[in-house]
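The structure appears right after this line, and notes come after that.
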Amino acid sequence: SSVTPDSVIAGTSDLSVAVTGKGFVNDSRVSSVVKWAASGIETVLVTQFVSDTELTAVIPAVLLKDARTAQMFVQNVVLGGISQKSNLVSFVVRALGITSVSPTSALAGGPDLTLTVMGKNFVLGVNHISSIVKWVLNGDEAVLRTRFVSDTELTAVIPSALLKDPVMAQVLVQNAAIMGLSAGFNG
């Protein structure tokens with residue numbers, strides 16, 4: 001009947017969800033598994049039986065890398081291949097994106113510059129993930145000291161060392177796991 005959480009920001013690492021309902025089983029003849037359905041493909045998730053009303057499942061990061069709406073359901077798999085499917089519950093993977101950056105330029109050789117990044121679905125500490133701002137120049141990326149203002153605004157400091165020469169750089173927002181980086185998304 002429900003999946004908790006029922007949405008996440010694109011780029012999240014593997015995510016454990018709780019699935020509640022009724023009629024879940026785990027014995028030698030029948031077992032309940034959670035499935036993810038998106039773009040016409042069904043994926044069996046690693047499922048742990050908790051009780052006849054609760055399962056936990058892990059949605060792998062590869063399924064969470066792009067924005068989309070998927071369907072999740074439970075299937076009771078019977079020895080011999082006959083099975084029953086539950087109703088579908090939606091799971092939303094929301095896009096992370098930049099809508100504007102201010103200022104859009106600075107003088108070479110200037111002091112540290114505070115950049116305001118406006119966008120959508122920025123996070124701070126959600127499922128151990130936070131949004132960070134990166135400076136990208138010639139394929140090299142530098143993580144900027146980022147401050148979360150809201151789910152639509154971040155500020156970041158571009159150090160003067162990155163501004164010493166005239167350059168054309170890009171800025172992106174990436175979701176970062178507290179203990180390491182997760183998949184990145186453009187801005």
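Lettering and numbering for the structure tokens are positional, with chains as A, B, ... in the shown order, residues counted from 1 in each chain, and ligands counted from 1 in the shown order.
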- region 62-65 of chain A environment, 10 Å, only C-alpha atoms, sequence neighbours closer than 3 positions dropped, as a ChimeraX atom specification: /A:7-15,36,38,43,59,68,70,92-95,182-185
- Do you know which residues are at most 10 Å from Val3 (chain A) counting only C-alpha atoms, after dropping those on the same chain fewer than 4 positions away, and could you put them as number ranges by chain? A: 7, 17-21, 54-57, 72-73, 89-91
- Closest to Ser131 (chain A) among A:Val149, A:Gln174, A:Thr104, A:Lys164, using only C-alpha atoms?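 Nearest candidate to Ser131 (chain A) out of A:Val149, A:Gln174, A:Thr104, A:Lys164: A:Gln174.
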- Expressed in Å to a single decimal, how great is the separation between CA of Ser39 (chain A) and CA of Ile132 (chain A)? 29.7 Å
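Among the candidates A:Asn121, A:Val77, A:Gln84, A:Ala106, the one nearest to Ile158 (chain A) when counting only C-alpha atoms is A:Ala106.
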- Selection: 10 Å around Arg29 (chain A), only C-alpha atoms, excl. self and same-chain fewer than 6 positions, as a PyMOL selection string: chain A and resi 77-80
Output of the above residues as an mmCIF file, in the first residue's frame, restricted to N, CA and C atoms:
```
data_model
loop_
_atom_site.group_PDB
_atom_site.id
_atom_site.type_symbol
_atom_site.label_atom_id
_atom_site.label_comp_id
_atom_site.auth_asym_id
_atom_site.auth_seq_id
_atom_site.Cartn_x
_atom_site.Cartn_y
_atom_site.Cartn_z
ATOM 1 N N VAL A 77 6.217 -14.799 -5.387
ATOM 2 C CA VAL A 77 6.717 -15.791 -6.330
ATOM 3 C C VAL A 77 6.550 -17.174 -5.705
ATOM 4 N N VAL A 78 5.796 -18.024 -6.404
ATOM 5 C CA VAL A 78 5.509 -19.376 -5.934
ATOM 6 C C VAL A 78 6.472 -20.337 -6.606
ATOM 7 N N LEU A 79 6.959 -21.329 -5.866
ATOM 8 C CA LEU A 79 7.815 -22.362 -6.430
ATOM 9 C C LEU A 79 7.125 -22.951 -7.648
ATOM 10 N N GLY A 80 7.759 -22.949 -8.789
ATOM 11 C CA GLY A 80 7.149 -23.433 -10.012
ATOM 12 C C GLY A 80 6.786 -22.297 -10.960
#
```
- Query: Using only C-alpha atoms, which residues sit within 10 Å of Lys35 (chain A) once same-chain residues fewer than 2 positions away are excluded, as an NGL selection string?
  - Reply: :A and (32-33 or 37 or 41-47 or 57 or 59 or 71-75 or 85 or 88)
Write the residues of the preceding selection, restricted to N, CA, C and O atoms, as a short mmCIF file (atom, residue, chain, number, x, y, z; two decimals), in the first residue's frame.
```cif
data_model
loop_
_atom_site.label_atom_id
_atom_site.label_comp_id
_atom_site.auth_asym_id
_atom_site.auth_seq_id
_atom_site.Cartn_x
_atom_site.Cartn_y
_atom_site.Cartn_z
N SER A 32 7.94 -13.17 -1.14
CA SER A 32 7.57 -11.86 -1.67
C SER A 32 8.82 -11.10 -2.07
O SER A 32 9.78 -11.04 -1.30
N VAL A 33 8.80 -10.51 -3.27
CA VAL A 33 9.90 -9.67 -3.73
C VAL A 33 9.34 -8.33 -4.20
O VAL A 33 8.22 -8.25 -4.69
N ALA A 37 9.48 -0.96 -11.77
CA ALA A 37 9.10 -0.98 -13.19
C ALA A 37 9.22 0.44 -13.75
O ALA A 37 8.60 1.37 -13.24
N ILE A 41 10.62 -1.92 -18.32
CA ILE A 41 11.53 -2.93 -17.77
C ILE A 41 11.24 -3.13 -16.29
O ILE A 41 11.14 -2.16 -15.53
N GLU A 42 11.11 -4.38 -15.87
CA GLU A 42 10.93 -4.71 -14.46
C GLU A 42 12.25 -5.18 -13.89
O GLU A 42 12.93 -6.01 -14.51
N THR A 43 12.61 -4.67 -12.70
CA THR A 43 13.84 -5.05 -12.03
C THR A 43 13.49 -5.57 -10.65
O THR A 43 12.80 -4.89 -9.88
N VAL A 44 13.97 -6.76 -10.33
CA VAL A 44 13.79 -7.32 -8.99
C VAL A 44 14.78 -6.64 -8.05
O VAL A 44 15.97 -6.59 -8.34
N LEU A 45 14.29 -6.10 -6.94
CA LEU A 45 15.14 -5.44 -5.96
C LEU A 45 15.53 -6.41 -4.86
O LEU A 45 14.77 -7.34 -4.54
N VAL A 46 16.70 -6.20 -4.29
CA VAL A 46 17.10 -7.00 -3.13
C VAL A 46 16.08 -6.72 -2.04
O VAL A 46 15.89 -5.57 -1.64
N THR A 47 15.39 -7.77 -1.61
CA THR A 47 14.25 -7.63 -0.71
C THR A 47 14.49 -8.41 0.57
O THR A 47 14.97 -9.54 0.54
N ALA A 57 13.49 -3.00 0.85
CA ALA A 57 14.13 -3.26 -0.44
C ALA A 57 15.17 -2.19 -0.69
O ALA A 57 15.06 -1.07 -0.18
N ILE A 59 16.91 0.08 -3.58
CA ILE A 59 16.87 0.57 -4.96
C ILE A 59 18.31 0.95 -5.30
O ILE A 59 18.87 1.86 -4.68
N GLN A 71 7.22 2.72 -11.15
CA GLN A 71 6.19 2.03 -10.39
C GLN A 71 6.87 0.94 -9.58
O GLN A 71 7.78 0.27 -10.07
N MET A 72 6.42 0.76 -8.35
CA MET A 72 6.93 -0.32 -7.52
C MET A 72 5.76 -1.21 -7.14
O MET A 72 4.64 -0.73 -6.97
N PHE A 73 6.04 -2.50 -7.02
CA PHE A 73 5.00 -3.44 -6.61
C PHE A 73 5.65 -4.65 -5.97
O PHE A 73 6.87 -4.84 -6.05
N VAL A 74 4.85 -5.43 -5.29
CA VAL A 74 5.31 -6.67 -4.66
C VAL A 74 4.75 -7.83 -5.46
O VAL A 74 3.60 -7.81 -5.90
N GLN A 75 5.60 -8.82 -5.66
CA GLN A 75 5.16 -10.02 -6.35
C GLN A 75 5.47 -11.22 -5.46
O GLN A 75 6.59 -11.37 -4.98
N LYS A 85 0.70 -10.46 -8.31
CA LYS A 85 1.25 -9.10 -8.24
C LYS A 85 0.33 -8.23 -7.39
O LYS A 85 -0.89 -8.36 -7.44
N LEU A 88 0.19 -1.17 -7.96
CA LEU A 88 1.38 -0.36 -8.23
C LEU A 88 1.39 0.88 -7.34
O LEU A 88 0.34 1.47 -7.08
#
```
- Which residue of A:Thr99, A:Ser31, A:Ser1, A:Asn175 approaches Thr53 (chain A) most closely, using only C-alpha atoms: A:Ser1
